[in-house]
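Have a look at the structure below, then the notes.
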Amino acid sequence: MKNIKLFIFNFFFAPLWLGCMCILFMSGCVPAPYRRVPHPDISRYVNVVEFCNRNNLIWEWDVISQKFTIRSPEHEAVFFINSNTALINNQPTTLKLPLIYKSGALFISKDAVQVFLIPALVPSAVHRIRRIVIDAGHGGHDPGAVHFGIHEDDINLSIARHLEKELLSNGIEVIMTRKTDVFVPLSQRVRIANTSGADIFVSIHCNACRGRRRTRPKGFEVFSLGGPMDEESRLKEAVERGRLKYEGGISENVGLNIRALLWDIIQDENKIESKQLSQLIVSSLDRSLATPNRGSKTARFYVLKWTHIPSVLVEVGFLSNRWEASKLANTHYQKMVAESIADGILRFKELYEKTDGFSRQASHRRF
Ligand SMILES: [Zn+2]
């Protein structure tokens, strides 16, 4: 009888028990810290995984010991969740604020990044432009502006592909948000920019004007994030908001709003770089295109607002203007536009790398 009971236990319960143990061990892959800081001031933190990915640092999260390790080729920093003690290159160090877990992510204080992480782990090569995201606006069931039978999404894609070739031939890695005529939601474009370890985001669009005088305006303009906006930029943003509703991006916005404060801080750091990139592209386009230069402007477009790397949106010309529309539909002209944008990017890369991310020059220099 005793043997039968033992047999039943072994046959039915032992596998169950083993299964439970397996699940327990497997949960080691999921970050689920046992303690949380109730209300940390998130404005003083940055997402540590995003920081590592952006700076090409290897990271490792050990859920059992609640330990986050960051490695560069020669150095190592170890942080413990909710602990003010860290090991920087094996030296115990006291942090002002501990590593914390919030909303499914791990955050490290900006202070720890500035004082310990950057000096200890990030080599001077951090100020390099290696990878660029090219975003061909619209696509699929969203053609963008349509005038004289010309679809904006086709022109955007063609210029983006030429730009891709140009950058690749200059040794820059390129990530395209779309390579064919498909619809990609704005939130997805932003996600690609933020998770691909890219250094710059460049969105390509064609302009269009509404109203009775729509055929008049022509020329190119380049936008970066910021304000104040002129009436025209405000109008463009309103049109984009309408499109966001259409593609169901509003619910995504709610999730993103949780991190709005953090984005604002990151964006402040990128605003100057974005503006400089925008001005350099404008100068390049101005040198090669025989169309009005409408300048470097600011707006709060979705792709500029939510990307956390220097980002610009290039409006290459007006499709509502017959003269410019026919030029934009021409492959040779598209190639020329792409080459000019690439030239602006390469000038930015050169200057950015020469000045260690503009840290060795006045930040408001104009080009
Ligand atoms: Zn567009």
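We label chains A, B, ... in the order they appear in the structure tokens, count residues from 1 in each chain, and number ligands from 1 in the order shown.
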Around ligand 1, which protein and nucleic acid residues have at least one atom no more than 12 Å from it, if we count only C-alpha atoms and all ligand atoms? List them as a PyMOL selection string. chain A and resi 135-139+142-146+151-157+186+203-209+236-237+239-240+243+301-303+313-319
Writing out the chosen residues with N, CA and C atoms as a CSV table (one decimal), in the first residue's frame:
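Result file follows (again.csv):
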```csv
chain,number,residue,atom,x,y,z
A,135,ASP,N,13.7,57.3,-43.4
A,135,ASP,CA,12.3,57.1,-43.3
A,135,ASP,C,11.6,57.7,-44.5
A,136,ALA,N,11.1,56.8,-45.4
A,136,ALA,CA,10.4,57.3,-46.6
A,136,ALA,C,8.9,57.5,-46.1
A,137,GLY,N,8.5,58.8,-46.1
A,137,GLY,CA,7.1,59.1,-45.6
A,137,GLY,C,6.0,58.4,-46.3
A,138,HIS,N,4.9,58.1,-45.6
A,138,HIS,CA,3.7,57.5,-46.1
A,138,HIS,C,3.9,56.1,-46.7
A,139,GLY,N,3.1,55.6,-47.6
A,139,GLY,CA,3.2,54.3,-48.2
A,139,GLY,C,2.0,53.5,-48.1
A,142,ASP,N,-1.7,54.8,-47.6
A,142,ASP,CA,-1.5,56.3,-47.3
A,142,ASP,C,-0.6,56.9,-48.4
A,143,PRO,N,-1.1,57.4,-49.4
A,143,PRO,CA,-0.2,57.9,-50.5
A,143,PRO,C,0.4,59.3,-50.2
A,144,GLY,N,0.0,59.9,-49.1
A,144,GLY,CA,0.4,61.3,-48.8
A,144,GLY,C,-0.2,62.3,-49.8
A,145,ALA,N,0.5,63.3,-50.2
A,145,ALA,CA,-0.1,64.3,-51.1
A,145,ALA,C,-0.2,63.7,-52.5
A,146,VAL,N,-1.3,63.9,-53.2
A,146,VAL,CA,-1.4,63.5,-54.6
A,146,VAL,C,-1.8,64.6,-55.5
A,151,HIS,N,2.1,60.5,-56.8
A,151,HIS,CA,1.9,60.2,-55.4
A,151,HIS,C,3.1,60.5,-54.6
A,152,GLU,N,2.9,61.2,-53.5
A,152,GLU,CA,4.0,61.5,-52.6
A,152,GLU,C,4.8,60.3,-52.2
A,153,ASP,N,4.1,59.3,-51.7
A,153,ASP,CA,4.8,58.1,-51.2
A,153,ASP,C,5.8,57.5,-52.1
A,154,ASP,N,5.5,57.5,-53.4
A,154,ASP,CA,6.4,57.0,-54.5
A,154,ASP,C,7.7,57.8,-54.6
A,155,ILE,N,7.5,59.1,-54.6
A,155,ILE,CA,8.7,60.0,-54.7
A,155,ILE,C,9.5,59.9,-53.4
A,156,ASN,N,8.9,59.9,-52.3
A,156,ASN,CA,9.6,59.7,-51.0
A,156,ASN,C,10.5,58.5,-51.0
A,157,LEU,N,9.9,57.4,-51.4
A,157,LEU,CA,10.6,56.1,-51.4
A,157,LEU,C,11.8,56.1,-52.4
A,186,LEU,N,3.3,55.6,-37.9
A,186,LEU,CA,4.3,56.5,-37.4
A,186,LEU,C,5.0,56.0,-36.1
A,203,SER,N,13.8,61.8,-42.2
A,203,SER,CA,12.5,61.5,-42.8
A,203,SER,C,12.3,62.3,-44.1
A,204,ILE,N,11.9,61.6,-45.2
A,204,ILE,CA,11.8,62.2,-46.5
A,204,ILE,C,10.3,62.4,-46.8
A,205,HIS,N,9.9,63.6,-47.1
A,205,HIS,CA,8.5,64.0,-47.5
A,205,HIS,C,8.5,65.0,-48.7
A,206,CYS,N,7.3,65.0,-49.3
A,206,CYS,CA,7.1,66.1,-50.3
A,206,CYS,C,6.0,67.0,-49.7
A,207,ASN,N,6.1,68.3,-50.0
A,207,ASN,CA,5.2,69.3,-49.5
A,207,ASN,C,4.0,69.4,-50.4
A,208,ALA,N,2.9,70.0,-49.9
A,208,ALA,CA,1.8,70.3,-50.7
A,208,ALA,C,1.1,71.5,-50.1
A,209,CYS,N,0.4,72.3,-50.9
A,209,CYS,CA,-0.3,73.4,-50.3
A,209,CYS,C,-1.7,73.3,-50.6
A,236,LYS,N,0.3,72.0,-40.6
A,236,LYS,CA,0.9,70.6,-41.0
A,236,LYS,C,0.7,69.7,-39.8
A,237,GLU,N,1.0,70.1,-38.6
A,237,GLU,CA,0.9,69.3,-37.5
A,237,GLU,C,-0.6,68.8,-37.3
A,239,VAL,N,-2.8,68.4,-39.6
A,239,VAL,CA,-3.1,67.4,-40.6
A,239,VAL,C,-2.5,66.1,-40.1
A,240,GLU,N,-1.3,66.1,-39.6
A,240,GLU,CA,-0.7,64.8,-39.1
A,240,GLU,C,-1.5,64.2,-38.0
A,243,ARG,N,-4.2,62.2,-39.3
A,243,ARG,CA,-3.7,60.9,-39.8
A,243,ARG,C,-3.4,59.9,-38.7
A,301,PHE,N,6.4,67.5,-35.3
A,301,PHE,CA,5.8,66.3,-35.9
A,301,PHE,C,6.1,65.1,-35.1
A,302,TYR,N,5.2,64.1,-35.2
A,302,TYR,CA,5.3,62.9,-34.4
A,302,TYR,C,6.7,62.3,-34.5
A,303,VAL,N,7.3,62.1,-35.7
A,303,VAL,CA,8.6,61.4,-35.8
A,303,VAL,C,9.7,62.2,-35.3
A,313,LEU,N,13.2,66.2,-40.7
A,313,LEU,CA,12.2,65.9,-41.7
A,313,LEU,C,12.4,66.8,-42.9
A,314,VAL,N,12.8,66.2,-44.0
A,314,VAL,CA,13.1,67.0,-45.2
A,314,VAL,C,11.9,67.0,-46.1
A,315,GLU,N,11.4,68.2,-46.4
A,315,GLU,CA,10.3,68.4,-47.4
A,315,GLU,C,11.0,68.8,-48.7
A,316,VAL,N,11.1,67.9,-49.6
A,316,VAL,CA,12.0,68.1,-50.7
A,316,VAL,C,11.5,69.1,-51.8
A,317,GLY,N,10.2,69.3,-51.8
A,317,GLY,CA,9.6,70.2,-52.8
A,317,GLY,C,8.1,70.1,-52.7
A,318,PHE,N,7.4,71.0,-53.5
A,318,PHE,CA,5.9,71.0,-53.5
A,318,PHE,C,5.3,70.3,-54.7
A,319,LEU,N,4.6,69.2,-54.3
A,319,LEU,CA,3.9,68.5,-55.4
A,319,LEU,C,2.7,69.3,-55.9
```
Using only C-alpha atoms, which residues sit within 9 Å of Val222 of chain A once same-chain residues fewer than 6 positions away are excluded, as a list in words? Ser278, Gln279, Ile281, Val282, Arg294, Gly295, Ser296, Lys297, Thr298, Val312, Leu313, Val314, Glu315 and Val316 of chain A
Find, counting only C-alpha atoms, the residue in A:Asp356, A:Asp41, A:Glu50, A:Asp343 that gets nearest to Arg191 of chain A.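 Of the candidates, the smallest distance to Arg191 of chain A is held by A:Glu50.
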Please provide the set of residues having any atom within 7 Å of segment 99-101 of chain A, restricted to only C-alpha atoms, with same-chain residues fewer than 6 positions apart removed, written as a PyMOL selection string. chain A and resi 36-37+79-83+107-109
So the first atom is atom CA of Val190 of chain A and the second is atom CA of Ser311 of chain A; what is the distance between them in Å, to one decimal place? 10.4 Å
Which residue, A:Ala86, A:Cys52, A:Ile345, A:Leu304, has the smallest gap to Leu285 of chain A when you use only C-alpha atoms?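 Going through A:Ala86, A:Cys52, A:Ile345, A:Leu304 one by one, the smallest distance to Leu285 of chain A is for A:Ile345.
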Quick check for you: according to DSSP on this backbone, which residues of segment 111-231 of chain A are classed as alpha helix (DSSP H)? Reply as a PyMOL selection string. chain A and resi 111-112+118-121+152-168+186-195+231
Output C-alpha atoms for every residue in the selection just made, as a PDB file, in the first residue's frame.
```
ATOM      1  CA  ASP A 111      24.015  61.583 -12.291  1.00  0.00           C
ATOM      2  CA  ALA A 112      25.409  58.021 -12.351  1.00  0.00           C
ATOM      3  CA  ILE A 118      30.420  57.804 -19.476  1.00  0.00           C
ATOM      4  CA  PRO A 119      33.952  58.366 -18.094  1.00  0.00           C
ATOM      5  CA  ALA A 120      34.438  54.697 -17.201  1.00  0.00           C
ATOM      6  CA  LEU A 121      32.783  52.849 -20.028  1.00  0.00           C
ATOM      7  CA  GLU A 152       4.042  61.550 -52.645  1.00  0.00           C
ATOM      8  CA  ASP A 153       4.815  58.115 -51.156  1.00  0.00           C
ATOM      9  CA  ASP A 154       6.423  56.969 -54.451  1.00  0.00           C
ATOM     10  CA  ILE A 155       8.662  60.044 -54.677  1.00  0.00           C
ATOM     11  CA  ASN A 156       9.641  59.739 -50.995  1.00  0.00           C
ATOM     12  CA  LEU A 157      10.601  56.084 -51.428  1.00  0.00           C
ATOM     13  CA  SER A 158      12.601  56.694 -54.579  1.00  0.00           C
ATOM     14  CA  ILE A 159      14.605  59.540 -52.989  1.00  0.00           C
ATOM     15  CA  ALA A 160      15.070  57.447 -49.817  1.00  0.00           C
ATOM     16  CA  ARG A 161      16.481  54.541 -51.877  1.00  0.00           C
ATOM     17  CA  HIS A 162      18.919  56.869 -53.677  1.00  0.00           C
ATOM     18  CA  LEU A 163      19.930  58.327 -50.307  1.00  0.00           C
ATOM     19  CA  GLU A 164      20.454  54.816 -48.934  1.00  0.00           C
ATOM     20  CA  LYS A 165      22.847  53.992 -51.801  1.00  0.00           C
ATOM     21  CA  GLU A 166      24.726  57.242 -51.336  1.00  0.00           C
ATOM     22  CA  LEU A 167      25.245  56.712 -47.590  1.00  0.00           C
ATOM     23  CA  LEU A 168      26.177  53.037 -47.994  1.00  0.00           C
ATOM     24  CA  LEU A 186       4.300  56.522 -37.393  1.00  0.00           C
ATOM     25  CA  SER A 187       4.694  54.739 -34.049  1.00  0.00           C
ATOM     26  CA  GLN A 188       6.490  51.885 -35.827  1.00  0.00           C
ATOM     27  CA  ARG A 189       8.839  54.330 -37.577  1.00  0.00           C
ATOM     28  CA  VAL A 190       9.689  55.874 -34.214  1.00  0.00           C
ATOM     29  CA  ARG A 191      10.228  52.428 -32.679  1.00  0.00           C
ATOM     30  CA  ILE A 192      12.696  51.554 -35.457  1.00  0.00           C
ATOM     31  CA  ALA A 193      14.602  54.804 -34.804  1.00  0.00           C
ATOM     32  CA  ASN A 194      14.720  54.234 -31.055  1.00  0.00           C
ATOM     33  CA  THR A 195      15.610  50.563 -30.970  1.00  0.00           C
ATOM     34  CA  GLU A 231       1.183  79.170 -38.788  1.00  0.00           C
TER      35      GLU A 231
END
```
